[in-house]
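A.B. asks: After the structure tokens below, expect a handful of questions from me.
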Amino acid sequence: MDSSNRTRVAEFLLLGFLENKDLQPIIYGLFLSMYLVTVVGNMLIIVAIISGPRLHTPMYFFLSNLSFVDICFISTTIPKMLVNIQTQNKVITYAGCITQIYFFLLFVELDNFLLTIMAYDRYVAICHPMRYTVIMNYQLCGFLVLVSWIVSVLHALFQSLMMLELPFCTQPEIPHFFCEPNQVIQLTCSDAFLNDMVIYFTLVLLAIVPLAGVFYSYFKIVSSIRAMSSVHGKYKAFSTCASHLLVVSLFYCTGLGVYLSSAANHGSQTSATASVTYTVVTPMMNPFIYSLRNKDVKSALKRLFVRKL
């Protein structure tokens, strides 16, 4: 590649869902609605947990952190896409793209770690109920969340700094609605082998390993539930982790599916469509899943609305 073309570009073009102008008003209204529902729903979960004394437990402490991260996660990508649709402008600056990559990686890793921690919390609650309050003390809960933030920040910073070293061709086009790291790397004018290896290594380390922890936790939970003699006890134990299991399945299945498919089919807008599931739909569904299947959260939300009325 000629050195004149290996310059640092000033901007990228986010093609995403901006190709079909007839559908743009529908897409804008749909994504704006989903964004508002996600932000309001997760904010209600946080307020309900803070205001409800019965919800001041490790499980709901982690849930409030998950809701906060989900708000930040969806706010990393959707507002920029909505602005682009409204202004009919596909451009995102180079600095804006790298910044979006950083926060995207930060919050997706935090989601990943928090879901794993919540699985461990359910494991302790069901398999070691008599020692639950001793094991899951406030110091450990705070430490687990703090470590999750530190690892996520360092990983996102490392990946973003690697992106800064890559030369890109003039005004590259990203077939996505945000600066998805995998798609951006494919636009480099140099050999991206090292970056690809780093991405998939960290995918294994920071996604597969926590997922293995989730599987192990639920394997022990299922074994413990099967050993229970009471049908009511089995139902109660399963109901406490059913919501989390549904969220975990939705997050990991869609997220891993998108990355595996994009590895085989670079530059496809199918990846952009599939990414909507774990970047938009999953954060939007979390409040509904946790509130509709949880009596404590529903009671706290009812008290919150009654108090305001």
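Labeling convention for the structure tokens: chains A, B, ... as they appear, residues from 1 per chain, ligands from 1 in order of appearance.
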Write out as a PyMOL selection string all residues of region 38-257 of chain A that backbone DSSP assigns to helix (DSSP H, G or I).
C.D. replies: chain A and resi 38-51+53-55+58-87+94-127+129-135+138-164+181-185+193-226+231-257
A.B. asks: Using only C-alpha atoms, what table do you get, as CSV, when you list each residue of region 68-89 of chain A with an atom no more than 10 Å from region 105-110 of chain A, its nearest pair of atoms, and their distance in Å rounded to one decimal, rows by chain then rising number?
C.D. replies:
```
residue,atom,partner,partner_atom,distance
A:Phe68,CA,A:Phe107,CA,9.8
A:Val69,CA,A:Phe107,CA,6.1
A:Asp70,CA,A:Phe107,CA,7.6
A:Ile71,CA,A:Phe107,CA,9.5
A:Cys72,CA,A:Phe107,CA,7.0
A:Phe73,CA,A:Phe107,CA,5.3
A:Ile74,CA,A:Phe107,CA,9.1
A:Thr76,CA,A:Phe107,CA,8.8
```
A.B. asks: Can you check which parts of region 52-141 of chain A lie within 10 Å of region 213-216 of chain A? Per residue, the shortest pair of atoms and distance in Å to one decimal, counting only C-alpha atoms, sorted by chain and number, as CSV.
C.D. replies:
```
residue,atom,partner,partner_atom,distance
A:Leu115,CA,A:Val214,CA,8.0
A:Thr116,CA,A:Val214,CA,5.5
A:Ile117,CA,A:Val214,CA,8.4
A:Met118,CA,A:Val214,CA,8.8
A:Ala119,CA,A:Val214,CA,5.7
A:Tyr120,CA,A:Val214,CA,7.2
A:Tyr123,CA,A:Tyr216,CA,9.1
```
A.B. asks: Write the residues you've just listed into a file as a short mmCIF file (atom, residue, chain, number, x, y, z; two decimals), in the first residue's frame, and include N, CA, C and O atoms for each of them.
C.D. replies:
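Now in out-v7.cif:
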```cif
data_model
loop_
_atom_site.label_atom_id
_atom_site.label_comp_id
_atom_site.auth_asym_id
_atom_site.auth_seq_id
_atom_site.Cartn_x
_atom_site.Cartn_y
_atom_site.Cartn_z
N LEU A 115 -22.93 -10.06 34.93
CA LEU A 115 -23.78 -11.25 34.77
C LEU A 115 -23.11 -12.48 35.39
O LEU A 115 -23.79 -13.33 35.97
N THR A 116 -21.79 -12.56 35.29
CA THR A 116 -21.05 -13.67 35.91
C THR A 116 -21.11 -13.58 37.43
O THR A 116 -21.34 -14.60 38.12
N ILE A 117 -20.93 -12.39 37.96
CA ILE A 117 -21.00 -12.19 39.42
C ILE A 117 -22.39 -12.51 39.94
O ILE A 117 -22.54 -13.13 41.01
N MET A 118 -23.41 -12.13 39.19
CA MET A 118 -24.79 -12.42 39.61
C MET A 118 -25.06 -13.92 39.60
O MET A 118 -25.83 -14.44 40.42
N ALA A 119 -24.44 -14.65 38.67
CA ALA A 119 -24.57 -16.12 38.65
C ALA A 119 -23.92 -16.72 39.90
O ALA A 119 -24.47 -17.64 40.52
N TYR A 120 -22.76 -16.19 40.27
CA TYR A 120 -22.08 -16.66 41.49
C TYR A 120 -22.92 -16.35 42.73
O TYR A 120 -23.03 -17.18 43.65
N TYR A 123 -25.58 -18.85 42.94
CA TYR A 123 -24.98 -20.13 43.36
C TYR A 123 -24.82 -20.19 44.87
O TYR A 123 -25.19 -21.18 45.51
#
```
A.B. asks: Give me, as a PyMOL selection string, all polymer residues having an atom no more than 12 Å from Ser223 (chain A), counting only C-alpha atoms and skipping those fewer than 2 positions away in the same chain.
C.D. replies: chain A and resi 123+126-127+216-221+225-228+234+237-238
A.B. asks: Please produce a file of those selected residues containing all heavy atoms, as a short mmCIF file (atom, residue, chain, number, x, y, z; two decimals), in the first residue's frame.
C.D. replies:
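And here is the file that came out, part.cif:
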```
data_model
loop_
_atom_site.label_atom_id
_atom_site.label_comp_id
_atom_site.auth_asym_id
_atom_site.auth_seq_id
_atom_site.Cartn_x
_atom_site.Cartn_y
_atom_site.Cartn_z
N TYR A 123 -25.58 -18.85 42.94
CA TYR A 123 -24.98 -20.13 43.36
C TYR A 123 -24.82 -20.19 44.87
O TYR A 123 -25.19 -21.18 45.51
CB TYR A 123 -23.63 -20.32 42.66
CG TYR A 123 -22.69 -21.26 43.36
CD1 TYR A 123 -22.92 -22.64 43.35
CD2 TYR A 123 -21.57 -20.78 44.05
CE1 TYR A 123 -22.05 -23.51 44.01
CE2 TYR A 123 -20.71 -21.63 44.70
CZ TYR A 123 -20.95 -22.99 44.69
OH TYR A 123 -20.10 -23.85 45.34
N ILE A 126 -28.32 -20.38 46.71
CA ILE A 126 -29.06 -21.65 46.60
C ILE A 126 -28.27 -22.83 47.16
O ILE A 126 -28.82 -23.69 47.84
CB ILE A 126 -29.45 -21.91 45.13
CG1 ILE A 126 -30.45 -20.85 44.67
CG2 ILE A 126 -30.03 -23.31 44.95
CD1 ILE A 126 -30.78 -20.90 43.19
N CYS A 127 -26.98 -22.86 46.90
CA CYS A 127 -26.16 -24.00 47.34
C CYS A 127 -25.62 -23.85 48.75
O CYS A 127 -25.32 -24.85 49.41
CB CYS A 127 -25.00 -24.21 46.36
SG CYS A 127 -25.54 -24.58 44.67
N TYR A 216 -20.75 -23.20 35.21
CA TYR A 216 -20.42 -23.96 36.41
C TYR A 216 -21.38 -23.63 37.55
O TYR A 216 -21.85 -24.53 38.26
CB TYR A 216 -18.98 -23.68 36.84
CG TYR A 216 -18.60 -24.36 38.14
CD1 TYR A 216 -18.27 -25.72 38.14
CD2 TYR A 216 -18.57 -23.66 39.34
CE1 TYR A 216 -17.92 -26.36 39.31
CE2 TYR A 216 -18.24 -24.30 40.53
CZ TYR A 216 -17.92 -25.65 40.51
OH TYR A 216 -17.59 -26.28 41.68
N SER A 217 -21.67 -22.34 37.72
CA SER A 217 -22.58 -21.92 38.78
C SER A 217 -23.95 -22.56 38.60
O SER A 217 -24.54 -23.08 39.57
CB SER A 217 -22.72 -20.38 38.79
OG SER A 217 -21.49 -19.76 39.10
N TYR A 218 -24.45 -22.55 37.36
CA TYR A 218 -25.78 -23.11 37.12
C TYR A 218 -25.77 -24.64 37.14
O TYR A 218 -26.80 -25.26 37.47
CB TYR A 218 -26.37 -22.57 35.82
CG TYR A 218 -27.04 -21.25 36.03
CD1 TYR A 218 -26.43 -20.05 35.69
CD2 TYR A 218 -28.30 -21.18 36.64
CE1 TYR A 218 -27.04 -18.83 35.93
CE2 TYR A 218 -28.91 -19.98 36.88
CZ TYR A 218 -28.28 -18.80 36.52
OH TYR A 218 -28.88 -17.60 36.77
N PHE A 219 -24.66 -25.25 36.83
CA PHE A 219 -24.55 -26.70 36.98
C PHE A 219 -24.70 -27.09 38.45
O PHE A 219 -25.44 -28.04 38.79
CB PHE A 219 -23.20 -27.19 36.44
CG PHE A 219 -22.92 -28.64 36.73
CD1 PHE A 219 -23.53 -29.63 35.99
CD2 PHE A 219 -22.04 -28.99 37.75
CE1 PHE A 219 -23.27 -30.98 36.26
CE2 PHE A 219 -21.78 -30.32 38.03
CZ PHE A 219 -22.40 -31.32 37.28
N LYS A 220 -24.02 -26.34 39.33
CA LYS A 220 -24.12 -26.61 40.77
C LYS A 220 -25.53 -26.27 41.28
O LYS A 220 -26.05 -26.96 42.17
CB LYS A 220 -23.07 -25.80 41.52
CG LYS A 220 -21.64 -26.08 41.11
CD LYS A 220 -21.23 -27.50 41.44
CE LYS A 220 -21.04 -27.74 42.92
NZ LYS A 220 -20.52 -29.10 43.21
N ILE A 221 -26.13 -25.20 40.73
CA ILE A 221 -27.48 -24.82 41.15
C ILE A 221 -28.49 -25.90 40.77
O ILE A 221 -29.33 -26.30 41.60
CB ILE A 221 -27.87 -23.47 40.50
CG1 ILE A 221 -27.11 -22.32 41.16
CG2 ILE A 221 -29.38 -23.22 40.63
CD1 ILE A 221 -27.26 -20.99 40.45
N ILE A 225 -30.80 -28.07 43.25
CA ILE A 225 -32.26 -28.06 43.15
C ILE A 225 -32.80 -29.49 43.00
O ILE A 225 -33.81 -29.85 43.61
CB ILE A 225 -32.71 -27.18 41.95
CG1 ILE A 225 -32.43 -25.71 42.25
CG2 ILE A 225 -34.20 -27.38 41.66
CD1 ILE A 225 -32.73 -24.78 41.09
N ARG A 226 -32.12 -30.31 42.22
CA ARG A 226 -32.57 -31.70 42.03
C ARG A 226 -32.51 -32.49 43.32
O ARG A 226 -33.28 -33.44 43.52
CB ARG A 226 -31.71 -32.38 40.97
CG ARG A 226 -31.94 -31.86 39.56
CD ARG A 226 -31.08 -32.61 38.56
NE ARG A 226 -31.43 -34.04 38.53
CZ ARG A 226 -30.75 -34.96 37.82
NH1 ARG A 226 -29.69 -34.57 37.11
NH2 ARG A 226 -31.12 -36.21 37.83
N ALA A 227 -31.58 -32.10 44.21
CA ALA A 227 -31.44 -32.82 45.49
C ALA A 227 -32.50 -32.41 46.51
O ALA A 227 -32.65 -33.07 47.54
CB ALA A 227 -30.05 -32.57 46.06
N MET A 228 -33.24 -31.33 46.24
CA MET A 228 -34.29 -30.89 47.17
C MET A 228 -35.48 -31.83 47.11
O MET A 228 -35.89 -32.29 46.05
CB MET A 228 -34.73 -29.45 46.82
CG MET A 228 -33.67 -28.40 47.00
SD MET A 228 -34.28 -26.75 46.52
CE MET A 228 -32.82 -25.76 46.81
N LYS A 234 -38.05 -26.40 45.35
CA LYS A 234 -37.48 -26.42 44.00
C LYS A 234 -37.97 -25.24 43.17
O LYS A 234 -37.19 -24.58 42.49
CB LYS A 234 -37.83 -27.73 43.30
CG LYS A 234 -37.13 -28.96 43.85
CD LYS A 234 -37.51 -30.20 43.06
CE LYS A 234 -36.76 -31.42 43.57
NZ LYS A 234 -37.09 -32.64 42.81
N ALA A 237 -36.45 -21.95 44.46
CA ALA A 237 -35.03 -21.83 44.10
C ALA A 237 -34.87 -21.50 42.62
O ALA A 237 -34.05 -20.66 42.24
CB ALA A 237 -34.30 -23.13 44.44
N PHE A 238 -35.66 -22.17 41.78
CA PHE A 238 -35.56 -21.92 40.34
C PHE A 238 -36.04 -20.52 39.99
O PHE A 238 -35.44 -19.85 39.13
CB PHE A 238 -36.38 -22.96 39.57
CG PHE A 238 -36.37 -22.74 38.08
CD1 PHE A 238 -35.27 -23.07 37.32
CD2 PHE A 238 -37.46 -22.17 37.45
CE1 PHE A 238 -35.25 -22.85 35.95
CE2 PHE A 238 -37.45 -21.94 36.07
CZ PHE A 238 -36.35 -22.28 35.32
#
```
A.B. asks: Give the strand (DSSP E) residues of region 20-217 of chain A, as DSSP finds them on the backbone, and put them as a list in words.
C.D. replies: Val91, Ile92, Thr93, Glu173 and Ile174 of chain A
A.B. asks: Next, the residues of the selection above should be written as a PDB file, in the first residue's frame with C-alpha atoms.
C.D. replies:
```pdb
ATOM      1  CA  VAL A  91     -19.896  11.050   9.399  1.00  0.00           C
ATOM      2  CA  ILE A  92     -18.260  10.253  12.732  1.00  0.00           C
ATOM      3  CA  THR A  93     -14.905  11.827  13.494  1.00  0.00           C
ATOM      4  CA  GLU A 173     -16.906   3.224   5.279  1.00  0.00           C
ATOM      5  CA  ILE A 174     -18.195   1.180   8.222  1.00  0.00           C
TER       6      ILE A 174
END
```
A.B. asks: Can you pull out the residues contacting Ile45 (chain A)? Cut-off 8 Å, using only C-alpha atoms, and skip same-chain residues under 6 positions away; I want them as a list of chain:residue names.
C.D. replies: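 Near neighbours after the sequence-gap exclusion: A:Ser64, A:Ser67, A:Pro287, A:Ser291, A:Val297, A:Leu301.
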A.B. asks: Would you output that residue set with N, CA and C atoms, as a short mmCIF file (atom, residue, chain, number, x, y, z; two decimals), in the first residue's frame?
C.D. replies:
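This went into out-v7.cif:
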```cif
data_model
loop_
_atom_site.label_atom_id
_atom_site.label_comp_id
_atom_site.auth_asym_id
_atom_site.auth_seq_id
_atom_site.Cartn_x
_atom_site.Cartn_y
_atom_site.Cartn_z
N SER A 64 -28.72 -3.31 40.30
CA SER A 64 -28.69 -1.86 40.11
C SER A 64 -27.46 -1.44 39.31
N SER A 67 -28.16 -2.33 35.69
CA SER A 67 -29.07 -1.36 35.08
C SER A 67 -28.32 -0.08 34.70
N PRO A 287 -35.05 -4.65 32.28
CA PRO A 287 -36.00 -4.18 33.30
C PRO A 287 -37.31 -4.97 33.30
N SER A 291 -38.39 -7.22 36.47
CA SER A 291 -39.54 -6.69 37.21
C SER A 291 -40.77 -7.58 37.10
N VAL A 297 -39.33 -6.60 43.30
CA VAL A 297 -39.13 -5.43 42.44
C VAL A 297 -40.47 -4.81 42.07
N LEU A 301 -41.66 -1.02 42.95
CA LEU A 301 -42.10 -0.09 41.91
C LEU A 301 -43.50 0.44 42.21
#
```
A.B. asks: Skipping near chain neighbours, those fewer than 5 positions away, what residues fall within 9 Å of Lys80 (chain A) using only C-alpha atoms, listed as a PyMOL selection string?
C.D. replies: chain A and resi 75+85+92+177-178
A.B. asks: How would the residues just chosen look if you wrote them out with N, CA and C atoms as a PDB file, in the first residue's frame?
C.D. replies:
```pdb
ATOM      1  N   SER A  75     -26.362   4.150  25.557  1.00  0.00           N
ATOM      2  CA  SER A  75     -26.097   5.570  25.289  1.00  0.00           C
ATOM      3  C   SER A  75     -24.794   5.776  24.516  1.00  0.00           C
ATOM      4  N   ILE A  85     -29.203  10.071  11.584  1.00  0.00           N
ATOM      5  CA  ILE A  85     -30.431   9.931  10.799  1.00  0.00           C
ATOM      6  C   ILE A  85     -31.138  11.272  10.671  1.00  0.00           C
ATOM      7  N   ILE A  92     -18.706  10.234  11.340  1.00  0.00           N
ATOM      8  CA  ILE A  92     -18.260  10.253  12.732  1.00  0.00           C
ATOM      9  C   ILE A  92     -16.766  10.541  12.694  1.00  0.00           C
ATOM     10  N   PHE A 177     -23.997   0.690  12.417  1.00  0.00           N
ATOM     11  CA  PHE A 177     -24.571   1.928  12.935  1.00  0.00           C
ATOM     12  C   PHE A 177     -23.724   2.532  14.054  1.00  0.00           C
ATOM     13  N   PHE A 178     -22.613   1.871  14.389  1.00  0.00           N
ATOM     14  CA  PHE A 178     -21.641   2.446  15.323  1.00  0.00           C
ATOM     15  C   PHE A 178     -20.270   1.875  14.993  1.00  0.00           C
TER      16      PHE A 178
END
```
A.B. asks: Could you give me, as number ranges by chain, the residues within 10 Å of region 148-165 of chain A, counting only C-alpha atoms and dropping anything in the same chain fewer than 3 positions from it?
C.D. replies: A: 8, 94-95, 97-114, 117, 142-145, 168, 181, 184-185, 188, 194-195, 198-199, 202, 206
A.B. asks: Mind checking which residues fall within 10 Å of Tyr290 (chain A), counting only C-alpha atoms, ignoring those fewer than 2 positions away in the same chain, and posting them as a list in words?
C.D. replies: Ile45, Leu63, Ala242, Ser243, His244, Leu246, Val247, Met285, Asn286, Pro287, Phe288, Leu292, Arg293, Asn294, Lys295, Asp296, Val297 and Lys298 of chain A
